[in-house]
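Peer 1: Quick one: structure below, then a few questions.
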Amino acid sequence: MTATTVSNSGSANEPLSIDAVSKGAFDFDMRAALTSGLILALSLVFIALCGIPEGLNERLLIKPVLSLGYLSLLWLPLLFGWLSGNETVLEGMVATKKGARDIVRGLFVGLIGGLGLSLLTVLMDAFDLRDPLVNWSPATEEVLQFSRSIGFGVIAWPVLGAILGAFGAALHVMPEKIRKAVMAGLGTVLSFAIFATFIVDVADFLDDLLYARRGGLKWGWAIALFVIGAGASFLGGGRKISEMKSSYQAATGPAKRQQTTTLILLSLAALIIIPLITGKITQELFANIGIFLLLALGLNIVVGLAGILDLGYVAFFAVGGYTTAVLTSPNRGPDFEGFPTLPWWGALLVTIIIAGLVGLFIGAPVIRMRGDYLAIVTLGFGEIIRLLFLSDWLNGWFNGAQGITNVPPADFGFFSVKGTDPRSVFYLVLFFAAISIYVSWRLERSRLGRAWMAIREDESVAEAMGINTVNMKLMAFVVGAVLASFSGAIFAAKVGSIFPTSFLILVSVIILVVVIVGGMGNIMGIIVGSVVLIGVLGGPKQPGLLAEFSEYKLLIYGALLVVMMLKRPEGLVPNARRSRELHQDEFLQDAWLKGEVDTDDDMVDPSTGGEGTVAPA
Amino acid sequence: MSLLEIKDLSVTFGGLHALKDLNFHVEEGEIVGVIGPNGAGKTTFFNMISGMVTPTSGEILFEGESMIGLDPNQVTQRGISRTFQNVRLFANMTILENVMVAQHCRTNKGVWGSLFNTAAFRQEEKEIREHGEKVLGFFGTRLIGYRLEQPASVLSYANRRRLEIARAMATKPRLLLLDEPVAGMNPMESAELTDLIGKLRSEWGFTIVMIEHDMDVVRDVSDRVVVLDHGETLAQGSFDEVSSNPEVIEAYLGRPLEKRK
C-alpha cells in the first residue's frame with residue numbers, strides 16, 4: 001500500500017500512458033547522490049572501526065577470494081547502488097527510463113563510499129588512535145590494505161565500491177527475469193557459504209564435496225551453485241511458488257480452510273521429520289527458536305492484542321524457570337529441605353498456577369496505568385523479580401547467585417527431555433508452541449479478543465462501552481504470564497541449571513524486538529520473527545546461524561529495529577489491522593480508488609461531502 | 001419513579017464550577033433535549049452520568065439506585081449508553097466488530113468457551129453477530145452488506161455518527177445519551193436522523209437524553225427541553241416555552257445594548 005501501488009491501481013481505471021522518458025547519463029541529482037555516497041562511506045568506516053572485517057576475516061566464504069569479514073563491507077555498496085536507483089513514481093508523474101544514468105549514479109555512490117575506506121586506510125597509517133578506538137589496530141589496517149600495501153588498499157576500495165555500486169544499480173536496468181536469476185544465484189552461493197555449518201549439519205556428505213578443508217566454498221562449486229540458483233529461477237522455479245501463494249490468497253470459504261489445514265499439517269509433519277535427519281546443531285537451533293517463540297507468542301497477547309507495553313516480560317520466564325527448578329532439583333535452597341521433588345510435568349502444573357498468580361500480583365498495581373508509565377513500571381517489576389531471585393533474603397530458597405543446578409531432565413516414561421538431546425527439547429517445545437498458537441488464535445477471534453482490540457484502540461471508549469478494562473487487561477497479563485512460564489519450565493529442563501543472570505532485562509528487549517520485527521498481533525509474523533531473529537542472529541545467549549556475528553548481535557538487532565521502524569513499522573508479516581492503522585492515508589486512498597469509500601450517501605452537499613470522506617478519525 | 005433522577009449535582013474542576021446544584025429528571029420513554037451555549041457544562045453533564053467524571057456532591061439515581069462511584073463500564077452494564085461529541089469509533093475494527101464488542105457486558109463466555117469452542121460459545125457468538133446486524137440494519141442499507149467487514153475508518157462522517165449510535169444501541173441500554181447526534185450533517189441527513197431518533201423510542205423503547213445545537217432537531221423530537229448555562233439549569237419545559245424565555249434568549253444572544261448600562 002505504498003504510493004506506487006496507488007498509482008498502479010489508479011492507472012488501471014484511467015490509462016495514464018505517459019511514456020517513460022530517458023535522460024542523459026549524467027543528468028541526475030548530484031547532491032542526493034553525494035549525500036547517499038557519504039552515508040555509505042560513514043557506514044563502511046563505522047563497520048570497519050567496529051572491528052567486524054578484521055574479526056571475521058578468518059572465516060572464509062569462498063575459498064581464496066572472499067571472507068565474511070570482507071563481505072561485511074562489500075554488501076553495502078551493492079545495497080546503496082540498488083537504492084540509488086529506486087524512484088517513487090507518483091500518479092501523473094513521468095517515470096524515467098532506467099538506463100546508463102542509473103548505472104553512473106550507482107557507480108558514483110559506490111565510489112564515494114570506497115573513498116571513505118581509502119581515507120581510513122591512509123589515516124590508519126599516519127596516526128595512532130588506538131586509545132579511544134580499540135579497533136584502530138594493525139590487524140584492521142592489514143585487512144584494509146588487502147594484506148598488500150597501502151597504495152593497493154587506497155586504490156582498490158574506490159574501484160571495488162564503484163563496481164559494486166554500479167552492479168547494484170544495474171539490477172534496475174536488467175530485464176526482470178535476468179535480475180531475478182542473478183539475485184537467486186547470488187542468494188544461493190551466499191547462503192551455502194554463510195550457513196556452511198548448518199548445511200553440513202543437515203547433510204554431512206556435502207562437507208567434503210562443497211567445502212574446502214579449512215572452511216569456505218571451493219570456488220568451482222561457488223560458480224556451480226550460482227549457475228544452479230540462477231538457472232532454477234530462470235526456468236521458473238520462483239514463479240511456481242508465487243503462483244501457489246496467490247492462488248492460496250485468492251481462495252475463500254471452505255476451500256481456503258481446507259488449504260490452510262493441509263498447510264498446517266504439512267508444516268507440522270515437516271517439523272517432526274526434519275530434526276530426525278539433521279545433526280545436533282540444527283536441533284539445538286530449532287529448540288532455541290521454539291523457546292523464544294513461546295515467549296514471543298505470550299508477549300504478543302499482552303502487547304499485540306491488548307496493547308499493554310510490557311518491558312518486564314522476562315519476569316514470567318524467570319518465574320517459570322525458577323519454580324520448575326525449585327520443585328524438581330535436589331540442589332535447591334536449604335529452606336526446601338525435606339520437601340519432596342516432583343517430576344517435571346507435576347512441577348509444570350504448579351508452575352502454571354504460580355505464574356498466573358504472579359501475573360495477577362504484578363498486574364494488579366501496574367494495570368491501572370497507561371502508556372509510557374505502564375511500560376516503565378513493568379520494566380521495574382522485571383528487574384525486581386530477578387533481584388529477588390538473586391537476593392540474600394531469599395537465598396534459602398533460590399541459592400542467590402549460585403543458582404539452582406542439577407535440574408533433572410523432564411521424564412515422560414517413554415521419552416525424556418534433556419539438554420544433551422536437543423531433539424527431545426524441540427519436540428516438547430513444538431507441543432507447547434502448538435498449544436500457545438491455538439490459544440492465541442482462539443482468543444483473538446473471541447469476545448475477549450474483541451475486547452482487547454477495543455482497549456488497544458481507545459481505552460476510555462472501551463470502558464464506556466461496557467468493557468471492564470481492568471479485568472480484561474489483567475486477563476491478558478495472566479494469559480501472557482502462563483505462556484511464558486511454559487517456556488521457563490522447558491528452559492529449566494533443557495539447561496539443567498537456573499541462574500539469575502539467565503533472566504536479564506535484555507531477554508525482555510529481545511522478545512519485544514522479535515514481536516515488533518515479526519509483526520505485532522499476527523501469529524505468522526511472530527513465527528517468522530523468531531525464526532529470522534533467534535534462528536539467524538541468535539538469542540541473548542544462544543547462538544544462531546550467524547554464530548560469527550554473536551559479538552555484534554545487539555548492534556545488528558538495533559540497526560534492524562531502526563530500519564524496520566523507518567521502512568516497515570508494521571513488521572515482516574503484518575497484522576492487517578495494524579498496517580491499516582500505520583498507513584491509514586494510503587489505505588483510504590486505495591479504498592477510494594476502488595470506490596469503497598463513502599461519498600456520503602444519497603444527498604451530498606458538494607462543499608462538505610468530499611471533505612467528510614477523508615476526515616481523520 | 002423517574003428513570004433517571006439527579007439531585008443537587010455539582011462538580012468543580014479546581015475553582016471552576018462546571019456544574020452547580022443541578023436538578024434533573026427523565027421519565028421512562030421521554031426524549032429530553034439539553035441545550036445551552038458552548039461551555040455550559042452539557043458534555044460534563046453526560047460524562048458525569050456515564051461515570052467518566054465523579055461529581056463533587058449530589059446524587060444520581062437510575063431506576064432508584066445510586067450511580068455515584070460506579071465505573072463507566074458498570075454504568076453501561078446498568079443500562080445507560082452514550083455517544084461522543086467528537087466521534088470516537090474503534091477506527092481499525094470492522095463495522096460489525098464495533099457493534100459486536102459493544103455487547104461485551106451483555107455476554108459472559110470467557111477463556112474456556114473460546115478455547116474449546118463449546119456449543120454455548122458458538123451460540124453466543126451467533127447471537128452477538130445477529131444482534132449486531134440487527135442494530136446496524138436500523139440505518140437502512142448504509143452499514144450492512146459489504147460494509148460489515150470494512151474498517152470503520154472508511155466511513156463518511158455522517159455514517160460514523162450513525163455507527164456510533166448503533167454501537168451505543170448494541171449495549172442494550174434503557175437510557176441513551178446522544179451527544180450532538182447531527183453535528184456536521186447536512187439538513188437532509190439531520191432531518192432523516194431526527195426521524196430515526198423518534199423511532200429509537202417508538203420501535204426500540206429507549207429513553208433518550210440528547211445534547212443538540214440544531215434547534216430544528218430539538219424542536220421536532222424533544223418532549224422537554226432543559227437549558228444549561230454556566231453549569232446551572234436556566235430553564236426547562238416544552239420547546240416553545242423555553243424558546244420564548246427571555247433568560248434563554250439572553251444566554252444565547254446576549255443582552256440588548258441598552259440594558260447593559
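Each chain of the C-alpha cells is named A, B, ... in the order shown, its residues numbered from 1; ligands are numbered from 1 in display order.
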Could I get the residues of range 184-211 of chain B with an atom no further than 12 Å from an atom of range 79-103 of chain B, each paired with its nearest atom pair and that distance in Å to one decimal, using only C-alpha atoms, sorted by chain and residue number, as CSV?

Peer 2:
```
residue,atom,partner,partner_atom,distance
B:Gly184,CA,B:Asn86,CA,10.3
B:Phe206,CA,B:Ile80,CA,10.0
B:Thr207,CA,B:Ile80,CA,9.6
B:Ile208,CA,B:Arg82,CA,9.8
B:Val209,CA,B:Arg82,CA,9.4
B:Met210,CA,B:Arg82,CA,9.6
B:Ile211,CA,B:Gln85,CA,9.0
```

Peer 1: Output the selection as a short mmCIF file (atom, residue, chain, number, x, y, z; two decimals), in the first residue's frame - all heavy atoms for each residue.

Peer 2:
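In the end it all went to again-v1.cif:
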```
data_model
loop_
_atom_site.label_atom_id
_atom_site.label_comp_id
_atom_site.auth_asym_id
_atom_site.auth_seq_id
_atom_site.Cartn_x
_atom_site.Cartn_y
_atom_site.Cartn_z
N GLY B 184 -22.45 18.29 12.08
CA GLY B 184 -21.72 18.03 10.87
C GLY B 184 -22.52 17.38 9.76
O GLY B 184 -21.99 17.06 8.71
N PHE B 206 -36.20 2.99 23.73
CA PHE B 206 -35.19 3.67 24.52
C PHE B 206 -35.73 4.99 25.04
O PHE B 206 -36.52 5.66 24.38
CB PHE B 206 -33.94 4.00 23.67
CG PHE B 206 -33.23 2.79 23.13
CD1 PHE B 206 -32.72 2.80 21.85
CD2 PHE B 206 -33.06 1.66 23.92
CE1 PHE B 206 -32.05 1.70 21.35
CE2 PHE B 206 -32.39 0.56 23.43
CZ PHE B 206 -31.89 0.58 22.14
N THR B 207 -35.27 5.37 26.22
CA THR B 207 -35.47 6.72 26.71
C THR B 207 -34.22 7.50 26.28
O THR B 207 -33.13 6.95 26.30
CB THR B 207 -35.57 6.70 28.24
OG1 THR B 207 -36.61 5.80 28.60
CG2 THR B 207 -35.85 8.07 28.79
N ILE B 208 -34.41 8.75 25.85
CA ILE B 208 -33.27 9.45 25.24
C ILE B 208 -33.04 10.81 25.86
O ILE B 208 -33.98 11.59 26.07
CB ILE B 208 -33.51 9.61 23.72
CG1 ILE B 208 -33.53 8.23 23.06
CG2 ILE B 208 -32.43 10.48 23.08
CD1 ILE B 208 -34.07 8.22 21.67
N VAL B 209 -31.79 11.09 26.19
CA VAL B 209 -31.38 12.45 26.52
C VAL B 209 -30.40 12.86 25.44
O VAL B 209 -29.49 12.11 25.10
CB VAL B 209 -30.70 12.53 27.90
CG1 VAL B 209 -30.27 13.96 28.18
CG2 VAL B 209 -31.62 12.03 28.98
N MET B 210 -30.63 14.05 24.86
CA MET B 210 -29.86 14.44 23.69
C MET B 210 -29.34 15.85 23.84
O MET B 210 -30.10 16.78 24.12
CB MET B 210 -30.79 14.33 22.48
CG MET B 210 -30.24 14.87 21.20
SD MET B 210 -31.46 14.72 19.89
CE MET B 210 -32.62 15.98 20.37
N ILE B 211 -28.03 16.01 23.68
CA ILE B 211 -27.46 17.35 23.58
C ILE B 211 -27.49 17.74 22.12
O ILE B 211 -27.08 16.95 21.27
CB ILE B 211 -25.99 17.36 24.08
CG1 ILE B 211 -25.93 17.05 25.56
CG2 ILE B 211 -25.34 18.70 23.78
CD1 ILE B 211 -24.51 16.91 26.08
#
```

Peer 1: Among range 385-481 of chain A, which residues carry a DSSP assignment of alpha helix (DSSP H), reported as an NGL selection string?

Peer 2: :A and (385-390 or 395-398 or 422-444 or 447-457 or 459-464 or 469-481)

Peer 1: Please provide as a PyMOL selection string all residues within 12 Å of Ile128 in chain B, with the sequence filter that same-chain residues fewer than 4 positions apart are discarded (counting only C-alpha atoms).

Peer 2: (chain A and resi 446-447+450) or (chain B and resi 96-109+121-124+132-135+170-172)

Peer 1: Give the strand (DSSP E) residues of range 271-511 of chain A, as assigned by DSSP on the backbone, as a PyMOL selection string.

Peer 2: chain A and resi 410-411+416-417

Peer 1: When you look at Leu49 in chain A with a cut-off of 8 Å (counting only C-alpha atoms), what residues show up, excluding the ones that are within fewer than 5 positions of it in the same chain? I need them as number ranges by chain.

Peer 2: A: 133, 135-136

Peer 1: Those residues you just picked out, can you put them in a file as a compact mmCIF listing (two decimals), in the first residue's frame with all heavy atoms?

Peer 2:
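selection_3.txt written:
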```txt
# COMPACT_ATOMS: atom_id res chain seq x y z
N LEU A 133 39.84 4.31 20.07
CA LEU A 133 39.23 3.36 19.13
C LEU A 133 40.00 2.05 19.17
O LEU A 133 41.07 1.94 18.56
CB LEU A 133 39.25 3.93 17.71
CG LEU A 133 38.54 5.27 17.53
CD1 LEU A 133 38.91 5.88 16.19
CD2 LEU A 133 37.04 5.10 17.63
N ASN A 135 39.73 -0.72 17.79
CA ASN A 135 39.97 -1.46 16.56
C ASN A 135 40.84 -0.71 15.56
O ASN A 135 40.95 -1.11 14.41
CB ASN A 135 38.64 -1.87 15.93
CG ASN A 135 37.98 -2.95 16.73
OD1 ASN A 135 38.59 -3.97 17.01
ND2 ASN A 135 36.77 -2.70 17.16
N TRP A 136 41.41 0.39 15.99
CA TRP A 136 42.35 1.14 15.15
C TRP A 136 43.69 0.39 15.21
O TRP A 136 44.68 0.87 15.73
CB TRP A 136 42.48 2.57 15.71
CG TRP A 136 43.18 3.54 14.84
CD1 TRP A 136 44.53 3.68 14.68
CD2 TRP A 136 42.59 4.55 14.02
NE1 TRP A 136 44.82 4.69 13.82
CE2 TRP A 136 43.64 5.25 13.39
CE3 TRP A 136 41.28 4.92 13.73
CZ2 TRP A 136 43.41 6.30 12.51
CZ3 TRP A 136 41.05 5.97 12.86
CH2 TRP A 136 42.11 6.64 12.25
```

Peer 1: Using only C-alpha atoms, determine which residues lie at most 6 Å from range 478-491 of chain A, disregarding the query and same-chain residues fewer than 2 positions distant; provide the list as a short mmCIF file (atom, residue, chain, number, x, y, z; two decimals) with all heavy atoms, in the first residue's frame.

Peer 2:
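Final output, saved to result_2.cif:
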```cif
data_model
loop_
_atom_site.label_atom_id
_atom_site.label_comp_id
_atom_site.auth_asym_id
_atom_site.auth_seq_id
_atom_site.Cartn_x
_atom_site.Cartn_y
_atom_site.Cartn_z
N ILE A 291 11.82 -22.04 22.06
CA ILE A 291 11.70 -21.45 23.40
C ILE A 291 11.37 -19.96 23.29
O ILE A 291 10.51 -19.44 24.01
CB ILE A 291 13.01 -21.69 24.19
CG1 ILE A 291 13.01 -23.14 24.67
CG2 ILE A 291 13.12 -20.74 25.37
CD1 ILE A 291 14.22 -23.53 25.46
N LEU A 294 7.79 -19.38 22.02
CA LEU A 294 6.80 -19.48 23.10
C LEU A 294 6.70 -18.15 23.85
O LEU A 294 5.60 -17.66 24.13
CB LEU A 294 7.24 -20.56 24.09
CG LEU A 294 6.74 -21.96 23.86
CD1 LEU A 294 7.31 -22.89 24.91
CD2 LEU A 294 5.23 -21.97 23.94
N LEU A 295 7.85 -17.58 24.17
CA LEU A 295 7.84 -16.30 24.88
C LEU A 295 7.20 -15.21 24.02
O LEU A 295 6.38 -14.43 24.50
CB LEU A 295 9.27 -15.89 25.22
CG LEU A 295 9.95 -16.69 26.34
CD1 LEU A 295 11.41 -16.35 26.41
CD2 LEU A 295 9.27 -16.39 27.66
N GLY A 298 3.45 -15.39 23.89
CA GLY A 298 2.83 -14.87 25.11
C GLY A 298 2.84 -13.35 25.12
O GLY A 298 1.83 -12.71 25.41
N LEU A 299 3.99 -12.79 24.77
CA LEU A 299 4.09 -11.33 24.78
C LEU A 299 3.17 -10.72 23.73
O LEU A 299 2.65 -9.62 23.92
CB LEU A 299 5.54 -10.90 24.51
CG LEU A 299 5.82 -9.41 24.66
CD1 LEU A 299 5.55 -8.96 26.07
CD2 LEU A 299 7.22 -9.05 24.27
N VAL A 302 -0.10 -9.93 25.16
CA VAL A 302 -0.08 -8.76 26.03
C VAL A 302 0.08 -7.48 25.21
O VAL A 302 -0.70 -6.53 25.35
CB VAL A 302 1.06 -8.88 27.06
CG1 VAL A 302 1.06 -7.70 28.01
CG2 VAL A 302 0.93 -10.17 27.84
N PHE A 316 8.20 -13.35 33.97
CA PHE A 316 7.38 -14.57 33.98
C PHE A 316 8.17 -15.77 33.48
O PHE A 316 7.96 -16.89 33.92
CB PHE A 316 6.13 -14.36 33.14
CG PHE A 316 5.33 -13.18 33.60
CD1 PHE A 316 5.05 -12.14 32.74
CD2 PHE A 316 4.89 -13.09 34.91
CE1 PHE A 316 4.34 -11.04 33.18
CE2 PHE A 316 4.19 -12.00 35.35
CZ PHE A 316 3.91 -10.97 34.49
N PHE A 317 9.11 -15.50 32.57
CA PHE A 317 10.04 -16.54 32.12
C PHE A 317 10.85 -17.01 33.33
O PHE A 317 11.00 -18.22 33.57
CB PHE A 317 10.95 -15.92 31.04
CG PHE A 317 11.92 -16.85 30.38
CD1 PHE A 317 11.55 -18.11 29.98
CD2 PHE A 317 13.23 -16.43 30.13
CE1 PHE A 317 12.45 -18.95 29.33
CE2 PHE A 317 14.14 -17.26 29.50
CZ PHE A 317 13.75 -18.51 29.11
N GLY A 320 8.72 -19.03 35.74
CA GLY A 320 8.53 -20.39 35.23
C GLY A 320 9.78 -21.24 35.44
O GLY A 320 9.70 -22.36 35.93
N GLY A 321 10.95 -20.68 35.10
CA GLY A 321 12.19 -21.42 35.23
C GLY A 321 12.49 -21.76 36.67
O GLY A 321 12.77 -22.91 37.02
N THR A 324 9.98 -24.33 38.38
CA THR A 324 10.26 -25.70 37.95
C THR A 324 11.54 -26.22 38.58
O THR A 324 11.60 -27.35 39.09
CB THR A 324 10.38 -25.75 36.43
OG1 THR A 324 9.24 -25.12 35.87
CG2 THR A 324 10.45 -27.17 35.92
N ILE A 352 2.42 -23.35 36.37
CA ILE A 352 1.36 -22.59 35.68
C ILE A 352 0.57 -21.78 36.69
O ILE A 352 0.32 -20.59 36.50
CB ILE A 352 0.44 -23.55 34.90
CG1 ILE A 352 1.20 -24.14 33.72
CG2 ILE A 352 -0.81 -22.83 34.43
CD1 ILE A 352 0.43 -25.20 32.97
N ALA A 355 2.74 -18.94 38.10
CA ALA A 355 2.94 -17.89 37.10
C ALA A 355 1.68 -17.06 36.97
O ALA A 355 1.73 -15.82 36.90
CB ALA A 355 3.33 -18.48 35.76
N GLY A 356 0.52 -17.72 36.96
CA GLY A 356 -0.74 -16.99 36.88
C GLY A 356 -0.90 -16.06 38.07
O GLY A 356 -1.29 -14.89 37.91
N GLY A 359 1.40 -13.20 37.77
CA GLY A 359 0.83 -12.29 36.77
C GLY A 359 -0.22 -11.39 37.39
O GLY A 359 -0.23 -10.18 37.19
N MET A 475 -6.48 -10.10 32.55
CA MET A 475 -6.58 -11.43 31.95
C MET A 475 -5.49 -11.61 30.88
O MET A 475 -4.84 -12.66 30.82
CB MET A 475 -7.96 -11.60 31.33
CG MET A 475 -8.29 -13.04 31.01
SD MET A 475 -9.94 -13.20 30.36
CE MET A 475 -10.92 -12.92 31.80
N ALA A 476 -5.28 -10.56 30.07
CA ALA A 476 -4.21 -10.64 29.07
C ALA A 476 -2.87 -10.86 29.76
O ALA A 476 -2.05 -11.68 29.32
CB ALA A 476 -4.17 -9.36 28.25
N ALA A 493 14.49 -27.47 32.28
CA ALA A 493 14.81 -28.87 32.00
C ALA A 493 15.92 -28.97 30.95
O ALA A 493 16.76 -29.86 30.99
CB ALA A 493 13.57 -29.61 31.53
N LYS A 494 15.92 -28.03 30.00
CA LYS A 494 16.90 -28.09 28.92
C LYS A 494 18.30 -27.74 29.42
O LYS A 494 19.25 -28.48 29.20
CB LYS A 494 16.50 -27.11 27.81
CG LYS A 494 17.53 -26.93 26.72
CD LYS A 494 17.03 -25.98 25.65
CE LYS A 494 18.02 -25.83 24.53
NZ LYS A 494 19.13 -24.93 24.84
N VAL A 495 18.39 -26.60 30.11
CA VAL A 495 19.71 -26.13 30.51
C VAL A 495 20.23 -26.90 31.72
O VAL A 495 21.43 -27.10 31.89
CB VAL A 495 19.66 -24.62 30.82
CG1 VAL A 495 21.02 -24.10 31.23
CG2 VAL A 495 19.18 -23.87 29.59
#
```

Peer 1: Which polymer residues have any atom within 10 Å of an atom of Asn38 in chain B, counting only C-alpha atoms, with same-chain residues fewer than 6 positions away left out, as a VMD selection string?

Peer 2: chain B and resid 213 228 to 230 252

Peer 1: Which residues are close to Ala559 in chain A, i.e. within 12 Å by only C-alpha atoms, leaving aside same-chain residues fewer than 5 positions away? Reply as JSON, numbers by chain.

Peer 2: {"A": [43, 47, 513, 517, 552, 553, 554, 564, 565, 566]}

Peer 1: Using only C-alpha atoms, pick whichever of A:Glu581, A:Asp335, A:Glu570, A:Asp201 has the shortest atom-to-atom distance to chain B.

Peer 2: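 Looking only at the distances to chain B, the closest residue turns out to be A:Glu581.
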
Peer 1: So how far away is CA of Leu78 in chain A from CA of Val122 in chain A, in Å?

Peer 2: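 Separation between CA of Val122 in chain A and CA of Leu78 in chain A: 23.6 Å.
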
Peer 1: How far is it from CA of Leu588 in chain A to CA of Leu143 in chain B, in Å with one decimal?

Peer 2: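 A separation of 17.5 Å between them.
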
Peer 1: Go through B:Glu149, B:Asp240, B:Glu250, B:Asp214 and flag the residue nearest chain A, using only C-alpha atoms for the distances.

Peer 2: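 Of B:Glu149, B:Asp240, B:Glu250, B:Asp214, the one nearest chain A, counting only C-alpha atoms, is B:Glu149.
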
Peer 1: Would you mind telling me which residue in B:Met169, B:Val221, B:Ala235, B:Val242 lies nearest to Phe24 in chain B when using only C-alpha atoms?

Peer 2: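 Looking only at the distances to Phe24 in chain B, the closest residue turns out to be B:Ala235.
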
Peer 1: Compare B:Asp8, B:Glu189, B:Glu241, B:Asp195 by their minimum atom-to-atom distance to chain A, counting only C-alpha atoms, and give me the closest one.

Peer 2: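 Residue with the minimum atom-to-atom distance to chain A: B:Glu189.
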